[in-house]
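See structure below.
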Amino acid sequence: MTPQPITHHIDDALLMAYSAGTLPEAFSLAIATHISMCDECRATLESFDAVGGQVMEDQSPVTMNDDAFAKTMAMVGKQSIQRPKPANDIPSVLAGYIGGSLDDVEWRALGGGIKQKIILAGGDATARLLYIPAGQSAPDHGHSGMELTLVLRGAFKDETGHYRAGDIEITDDSVEHTPIADMGEDCVCLAVTEAPIRFTSVFYRALQPFFKI
Amino acid sequence: MGMIGIQTLEKDSSLNSAMDDRVVSEDLKDKADPVTIKTADQWGSYLEAIKSTHDVAAFEALFGHFAPRIKSFLLKSGADTNLAEECAQEVMVTVWNKAHLFDPTRASAATWIFTIARNKKIDALRKASRPEPDELPWGPDHEPDQTDVIALQQETDRLGRALAELPEKQRKLIERAYFGDLSHRELADETGLPLGTIKSRIRLALEKLRHAMS
Ligand SMILES: [Zn+2]
């Protein structure tokens with residue numbers, strides 16, 4: 001799936017948080033998609049999972065109910081195991097969220113030939129597909145917090161480096177960057193941003209004493 | 001309980017020690033307890049027994065060891081007692097149902113069961129699903145190479161020892177990350193993360209992946 005070697009990876013803190021299962025779903029989607037394309041990050045993830053296994057192993061056991069094993073035996077064989085559908089041009093995990101391949105996406109124009117499609121808008125993070133025509137620069141999107149940009153097709157360049165299919169860029173709000181798609185092929189990315197929720201939560205916290213919520 | 005006519009493991013000493021571990025597990029507070037370390041490697045073969053012969057005795061031994069630890073893990077992650085009990089049972093149901101997907105050349109039993117417990121935790125505590133990386137095109141259907149299995153066991157033992165020998169502060173940090181007490185931002189800011197302890201584990205996993213793909 002990856003013609004060239006991947007040179008921009010997921011950092012250890014994010015991989016550990018993904019292994020622990022503490023990230024918002026939108027971030028996990030970008031990470032799972034990258035790992036589907038990248039052996040190095042898969043190997044690191046498997047090792048963080050091994051750390052998780054050891055943490056669980058080291059817990060002081062808490063006694064199960066007397067009927068726990070009997071109840072478990074009564075349930076076995078009754079869970080359905082769903083198989084993800086295979087996709088041709090992108091990892092299946094992403095295809096499941098898009099509902100098909102990149103060619104089936106119903107884009108929304110943002111102007112200048114740039115298009116987007118929001119595929120996951122949770123309370124804490126948003127995942128969208130971005131379509132940047134060859135040679136074009138992406139719109140100045142003032143995101144707050146962390147942003148992950150995973151290249152699915154084509155390539156782009158910005159102040160921090162050159163990103164090709166499979167590469168992932170990780171930035172926080174201190175980084176000003178203007179991605180420009182390479183000439184020759186339109187660029188499609190999966191971009192995940194943190195939602196600006198800080199203000200809201202502070203606002204609600206301030207109201208708490210008055211409304212007893 | 002529907003256990004009639006189902007094959008059981010031979011009464012070998014390793015199974016007995018597993019049963020003992022289950023019975024006395026409440027008292028096993030010492031992380032470096034030799035019983036825990038000695039038995040760590042046999043759980044994978046019990047999973048193989050469930051996979052190949054639906055071995056209920058092997059499953060009961062796994063249940064005795066892992067269910068109380070899964071419950072403990074879920075309690076520390078914020079579940080109440082009822083939810084932790086229920087989820088621990090459901091995790092073990094999945095262990096039985098998916099035993100055929102266990103690949104001893106890529107994960108120890110504890111690692112594999114952790115990933116199931118982690119997903120159950122996200123599902124039950126956060127009402128969210130976890131996007132999973134695509135499975136590799138080569139599955140666990142192939143006969144596992146014993147050399148690979150042993151290499152992974154040794155690496156898992158080494159990782160376990162390295163974690164046990166960490167200073168208390170660093171070990172607590174890792175625990176907090178896995179219980180969900182530490183955000184990814186706090187993790188990123190944390191310079192004391194002992195990532196060196198997993199570097200050789202990563203190398204082994206990468207070799208395995210590259211070898212299998214070539
Ligand atoms: Zn990577």
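Ordering of the structure tokens sets the chain letters (A, B, ...); residue numbers start at 1 within each chain; ligands are numbered from 1 in the order shown.
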
Mind running chain A against ligand 1 at 8 Å and telling me each contacting residue's nearest atom pair with the distance in Å (one decimal), counting only C-alpha atoms and all ligand atoms, chain and number ascending, as CSV?
residue,atom,partner,partner_atom_place_in_ligand_line,distance
A:Ile6,CA,ligand 1,1 (Zn),6.6
A:Thr7,CA,ligand 1,1 (Zn),7.5
A:His8,CA,ligand 1,1 (Zn),6.5
A:His9,CA,ligand 1,1 (Zn),3.8
A:Ile10,CA,ligand 1,1 (Zn),5.6
A:His34,CA,ligand 1,1 (Zn),6.3
A:Ile35,CA,ligand 1,1 (Zn),6.1
A:Met37,CA,ligand 1,1 (Zn),7.6
A:Cys38,CA,ligand 1,1 (Zn),4.7
A:Asp39,CA,ligand 1,1 (Zn),6.7
A:Glu40,CA,ligand 1,1 (Zn),5.3
A:Cys41,CA,ligand 1,1 (Zn),4.1
A:Arg42,CA,ligand 1,1 (Zn),7.3
A:Gly166,CA,ligand 1,1 (Zn),7.8
A:Asp167,CA,ligand 1,1 (Zn),7.2
A:Ile168,CA,ligand 1,1 (Zn),7.6

Practice prompt. List every residue of stretch 53-189 of chain B that DSSP, applied to the backbone of this structure, places in alpha helix (DSSP H), and write the result as a ChimeraX atom specification.
Written response: /B:53,56-76,81-97,109-125,146-164,168-179,184-189

Worksheet entry | Exercise answer, chain A residues close to chain B, 7 Å and only C-alpha atoms, as a PyMOL selection string | chain A and resi 13-14+17+20-22+25+28-29+32-33+35-36+39-40+43-44+47+49-50+52-64+68+70+72+75-77+91-93

Residue selection dump (C-alpha atoms) as a PDB file, in the first residue's frame:
ATOM      1  CA  ALA A  13       3.425   9.577  23.735  1.00  0.00           C
ATOM      2  CA  LEU A  14       0.581   9.344  21.206  1.00  0.00           C
ATOM      3  CA  ALA A  17      -2.037   6.865  24.750  1.00  0.00           C
ATOM      4  CA  ALA A  20      -3.926   2.748  26.697  1.00  0.00           C
ATOM      5  CA  GLY A  21      -7.150   3.656  24.906  1.00  0.00           C
ATOM      6  CA  THR A  22      -7.371   7.196  26.254  1.00  0.00           C
ATOM      7  CA  GLU A  25     -11.973   8.490  18.638  1.00  0.00           C
ATOM      8  CA  SER A  28      -7.458   7.025  17.201  1.00  0.00           C
ATOM      9  CA  LEU A  29      -8.817   6.868  13.654  1.00  0.00           C
ATOM     10  CA  ALA A  32      -5.090   3.311  13.314  1.00  0.00           C
ATOM     11  CA  THR A  33      -5.004   4.358   9.651  1.00  0.00           C
ATOM     12  CA  ILE A  35      -0.447   1.972  11.593  1.00  0.00           C
ATOM     13  CA  SER A  36      -2.317   0.075   8.895  1.00  0.00           C
ATOM     14  CA  ASP A  39       5.288  -1.456  10.141  1.00  0.00           C
ATOM     15  CA  GLU A  40       7.459   0.682  12.408  1.00  0.00           C
ATOM     16  CA  ALA A  43       5.849  -2.703  16.037  1.00  0.00           C
ATOM     17  CA  THR A  44       5.989   0.122  18.576  1.00  0.00           C
ATOM     18  CA  SER A  47       5.334  -3.172  22.346  1.00  0.00           C
ATOM     19  CA  ASP A  49       0.416  -3.196  24.246  1.00  0.00           C
ATOM     20  CA  ALA A  50       2.925  -5.527  25.905  1.00  0.00           C
ATOM     21  CA  GLY A  52      -0.251  -2.647  29.051  1.00  0.00           C
ATOM     22  CA  GLY A  53      -0.371  -6.423  29.403  1.00  0.00           C
ATOM     23  CA  GLN A  54       2.314  -6.251  32.047  1.00  0.00           C
ATOM     24  CA  VAL A  55       0.505  -3.464  33.936  1.00  0.00           C
ATOM     25  CA  MET A  56      -2.655  -5.586  33.953  1.00  0.00           C
ATOM     26  CA  GLU A  57      -0.672  -8.664  34.962  1.00  0.00           C
ATOM     27  CA  ASP A  58       0.795  -6.773  37.931  1.00  0.00           C
ATOM     28  CA  GLN A  59      -2.559  -5.757  39.400  1.00  0.00           C
ATOM     29  CA  SER A  60      -3.551  -7.285  42.719  1.00  0.00           C
ATOM     30  CA  PRO A  61      -6.361  -9.690  41.786  1.00  0.00           C
ATOM     31  CA  VAL A  62      -9.897  -8.729  42.856  1.00  0.00           C
ATOM     32  CA  THR A  63     -12.117 -11.724  43.588  1.00  0.00           C
ATOM     33  CA  MET A  64     -14.782 -12.446  40.988  1.00  0.00           C
ATOM     34  CA  ALA A  68     -18.688 -15.651  37.359  1.00  0.00           C
ATOM     35  CA  ALA A  70     -20.599 -20.306  35.045  1.00  0.00           C
ATOM     36  CA  THR A  72     -19.126 -16.663  31.341  1.00  0.00           C
ATOM     37  CA  MET A  75     -22.188 -16.585  27.185  1.00  0.00           C
ATOM     38  CA  VAL A  76     -19.391 -18.066  25.082  1.00  0.00           C
ATOM     39  CA  GLY A  77     -20.020 -18.611  21.395  1.00  0.00           C
ATOM     40  CA  PRO A  91      -6.958   1.074   4.888  1.00  0.00           C
ATOM     41  CA  SER A  92     -10.221  -0.684   5.770  1.00  0.00           C
ATOM     42  CA  VAL A  93     -10.482   1.055   9.142  1.00  0.00           C
TER      43      VAL A  93
END

Response to the item:
Using only C-alpha atoms, the best pick from B:Lys169, B:Gly44, B:Ala57, B:Leu62 as closest to B:Ile150 would be B:Gly44

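Rounded to one decimal, atom CA of A:Leu130 and atom CA of A:Leu45 lie 26.6 Å from each other.
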
Fill in: Contact residues around A:Gln136 with only C-alpha atoms at 8 Å, ignoring same-chain residues under 6 positions, as a PyMOL selection string
chain A and resi 180-182

Include C-alpha atoms and write out the residues we just selected as a PDB file, in the first residue's frame.
ATOM      1  CA  ILE A 180       1.196  23.215  -0.260  1.00  0.00           C
ATOM      2  CA  ALA A 181       0.273  20.196  -2.376  1.00  0.00           C
ATOM      3  CA  ASP A 182       2.998  18.852  -4.683  1.00  0.00           C
TER       4      ASP A 182
END

Fill in: Filtered DSSP result for stretch 89-195 of chain A, state strand (DSSP E or B), as a VMD selection string
chain A and resid 108 to 111 114 to 121 125 to 132 137 147 to 153 155 to 158 161 to 164 168 to 171 180 to 181 187 to 194

Item to complete: With a distance cut-off of 9 Å and only C-alpha atoms, select the neighbouring residues of stretch 143-149 of chain A, excluding the residue or stretch itself and same-chain residues fewer than 5 positions from it, and output the selection as a ChimeraX atom specification.
Response: /A:27,30-31,167-174,189-196

Selection to disk with N, CA, C and O atoms, as a PDB file, in the first residue's frame:
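Written output follows (out-v7.pdb):
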ATOM      1  N   PHE A  27      -8.762  10.974  16.894  1.00  0.00           N
ATOM      2  CA  PHE A  27      -7.307  10.788  16.908  1.00  0.00           C
ATOM      3  C   PHE A  27      -6.954   9.321  16.693  1.00  0.00           C
ATOM      4  O   PHE A  27      -6.024   8.984  15.958  1.00  0.00           O
ATOM      5  N   ALA A  30      -7.001   8.369  13.006  1.00  0.00           N
ATOM      6  CA  ALA A  30      -5.813   8.732  12.226  1.00  0.00           C
ATOM      7  C   ALA A  30      -4.649   7.801  12.572  1.00  0.00           C
ATOM      8  O   ALA A  30      -3.884   7.385  11.689  1.00  0.00           O
ATOM      9  N   ILE A  31      -4.526   7.464  13.842  1.00  0.00           N
ATOM     10  CA  ILE A  31      -3.416   6.601  14.262  1.00  0.00           C
ATOM     11  C   ILE A  31      -3.604   5.180  13.726  1.00  0.00           C
ATOM     12  O   ILE A  31      -2.665   4.576  13.209  1.00  0.00           O
ATOM     13  N   ASP A 167       2.711   9.247   5.387  1.00  0.00           N
ATOM     14  CA  ASP A 167       3.347  10.115   6.397  1.00  0.00           C
ATOM     15  C   ASP A 167       2.283  10.826   7.228  1.00  0.00           C
ATOM     16  O   ASP A 167       1.210  11.167   6.731  1.00  0.00           O
ATOM     17  N   ILE A 168       2.631  11.071   8.488  1.00  0.00           N
ATOM     18  CA  ILE A 168       1.707  11.794   9.367  1.00  0.00           C
ATOM     19  C   ILE A 168       2.443  12.982   9.982  1.00  0.00           C
ATOM     20  O   ILE A 168       3.576  12.848  10.433  1.00  0.00           O
ATOM     21  N   GLU A 169       1.786  14.141   9.933  1.00  0.00           N
ATOM     22  CA  GLU A 169       2.362  15.337  10.556  1.00  0.00           C
ATOM     23  C   GLU A 169       1.630  15.604  11.859  1.00  0.00           C
ATOM     24  O   GLU A 169       0.406  15.564  11.913  1.00  0.00           O
ATOM     25  N   ILE A 170       2.408  15.852  12.900  1.00  0.00           N
ATOM     26  CA  ILE A 170       1.820  16.147  14.209  1.00  0.00           C
ATOM     27  C   ILE A 170       2.226  17.562  14.601  1.00  0.00           C
ATOM     28  O   ILE A 170       3.412  17.852  14.715  1.00  0.00           O
ATOM     29  N   THR A 171       1.250  18.436  14.779  1.00  0.00           N
ATOM     30  CA  THR A 171       1.567  19.814  15.153  1.00  0.00           C
ATOM     31  C   THR A 171       0.705  20.240  16.338  1.00  0.00           C
ATOM     32  O   THR A 171      -0.367  19.681  16.564  1.00  0.00           O
ATOM     33  N   ASP A 172       1.186  21.208  17.087  1.00  0.00           N
ATOM     34  CA  ASP A 172       0.309  21.814  18.084  1.00  0.00           C
ATOM     35  C   ASP A 172       0.071  23.267  17.690  1.00  0.00           C
ATOM     36  O   ASP A 172       0.545  23.718  16.646  1.00  0.00           O
ATOM     37  N   ASP A 173      -0.676  23.993  18.513  1.00  0.00           N
ATOM     38  CA  ASP A 173      -1.097  25.328  18.075  1.00  0.00           C
ATOM     39  C   ASP A 173       0.057  26.334  18.039  1.00  0.00           C
ATOM     40  O   ASP A 173      -0.109  27.439  17.576  1.00  0.00           O
ATOM     41  N   SER A 174       1.228  25.942  18.508  1.00  0.00           N
ATOM     42  CA  SER A 174       2.358  26.870  18.446  1.00  0.00           C
ATOM     43  C   SER A 174       2.983  26.884  17.049  1.00  0.00           C
ATOM     44  O   SER A 174       3.796  27.740  16.738  1.00  0.00           O
ATOM     45  N   CYS A 189      -5.831  14.265   2.318  1.00  0.00           N
ATOM     46  CA  CYS A 189      -5.328  14.013   3.678  1.00  0.00           C
ATOM     47  C   CYS A 189      -6.480  13.717   4.617  1.00  0.00           C
ATOM     48  O   CYS A 189      -7.610  14.152   4.413  1.00  0.00           O
ATOM     49  N   LEU A 190      -6.164  12.991   5.673  1.00  0.00           N
ATOM     50  CA  LEU A 190      -7.061  12.865   6.811  1.00  0.00           C
ATOM     51  C   LEU A 190      -6.526  13.816   7.875  1.00  0.00           C
ATOM     52  O   LEU A 190      -5.382  13.665   8.321  1.00  0.00           O
ATOM     53  N   ALA A 191      -7.329  14.814   8.244  1.00  0.00           N
ATOM     54  CA  ALA A 191      -6.872  15.819   9.218  1.00  0.00           C
ATOM     55  C   ALA A 191      -7.736  15.732  10.471  1.00  0.00           C
ATOM     56  O   ALA A 191      -8.967  15.712  10.396  1.00  0.00           O
ATOM     57  N   VAL A 192      -7.092  15.661  11.618  1.00  0.00           N
ATOM     58  CA  VAL A 192      -7.818  15.560  12.884  1.00  0.00           C
ATOM     59  C   VAL A 192      -7.417  16.736  13.765  1.00  0.00           C
ATOM     60  O   VAL A 192      -6.231  17.007  13.956  1.00  0.00           O
ATOM     61  N   THR A 193      -8.417  17.432  14.291  1.00  0.00           N
ATOM     62  CA  THR A 193      -8.140  18.576  15.160  1.00  0.00           C
ATOM     63  C   THR A 193      -8.891  18.429  16.474  1.00  0.00           C
ATOM     64  O   THR A 193      -9.975  17.852  16.524  1.00  0.00           O
ATOM     65  N   GLU A 194      -8.311  18.967  17.508  1.00  0.00           N
ATOM     66  CA  GLU A 194      -9.003  19.036  18.794  1.00  0.00           C
ATOM     67  C   GLU A 194     -10.051  20.131  18.713  1.00  0.00           C
ATOM     68  O   GLU A 194      -9.797  21.199  18.182  1.00  0.00           O
ATOM     69  N   ALA A 195     -11.214  19.862  19.264  1.00  0.00           N
ATOM     70  CA  ALA A 195     -12.237  20.896  19.303  1.00  0.00           C
ATOM     71  C   ALA A 195     -11.904  21.873  20.421  1.00  0.00           C
ATOM     72  O   ALA A 195     -11.348  21.492  21.433  1.00  0.00           O
ATOM     73  N   PRO A 196     -12.222  23.156  20.200  1.00  0.00           N
ATOM     74  CA  PRO A 196     -11.931  24.120  21.260  1.00  0.00           C
ATOM     75  C   PRO A 196     -12.949  24.011  22.379  1.00  0.00           C
ATOM     76  O   PRO A 196     -13.945  24.716  22.415  1.00  0.00           O
TER      77      PRO A 196
END

Do you know which residues are at most 9 Å from A:Ala121 counting only C-alpha atoms, after dropping those on the same chain fewer than 4 positions away, and could you put them as a PDB file with N, CA and C atoms, in the first residue's frame?
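Here's the written file selection_1.pdb:
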ATOM      1  N   ALA A  26     -11.482  10.359  17.111  1.00  0.00           N
ATOM      2  CA  ALA A  26     -10.965  10.930  15.859  1.00  0.00           C
ATOM      3  C   ALA A  26      -9.441  10.775  15.778  1.00  0.00           C
ATOM      4  N   ALA A 125     -12.983  16.039  19.464  1.00  0.00           N
ATOM      5  CA  ALA A 125     -12.087  16.120  18.309  1.00  0.00           C
ATOM      6  C   ALA A 125     -12.879  15.872  17.025  1.00  0.00           C
ATOM      7  N   THR A 126     -12.363  16.424  15.919  1.00  0.00           N
ATOM      8  CA  THR A 126     -13.029  16.285  14.628  1.00  0.00           C
ATOM      9  C   THR A 126     -12.069  15.686  13.610  1.00  0.00           C
ATOM     10  N   ALA A 127     -12.570  14.727  12.828  1.00  0.00           N
ATOM     11  CA  ALA A 127     -11.769  14.154  11.743  1.00  0.00           C
ATOM     12  C   ALA A 127     -12.407  14.542  10.418  1.00  0.00           C
ATOM     13  N   ARG A 128     -11.591  15.042   9.498  1.00  0.00           N
ATOM     14  CA  ARG A 128     -12.115  15.418   8.189  1.00  0.00           C
ATOM     15  C   ARG A 128     -11.148  14.985   7.097  1.00  0.00           C
ATOM     16  N   ALA A 195     -11.214  19.862  19.264  1.00  0.00           N
ATOM     17  CA  ALA A 195     -12.237  20.896  19.303  1.00  0.00           C
ATOM     18  C   ALA A 195     -11.904  21.873  20.421  1.00  0.00           C
TER      19      ALA A 195
END

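Atom CA of A:Asp124 is found 16.5 Å from atom CA of B:Asp123.
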
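Note that the spacing between atom CA of A:Val151 and atom CA of A:Val188 amounts to 6.3 Å.
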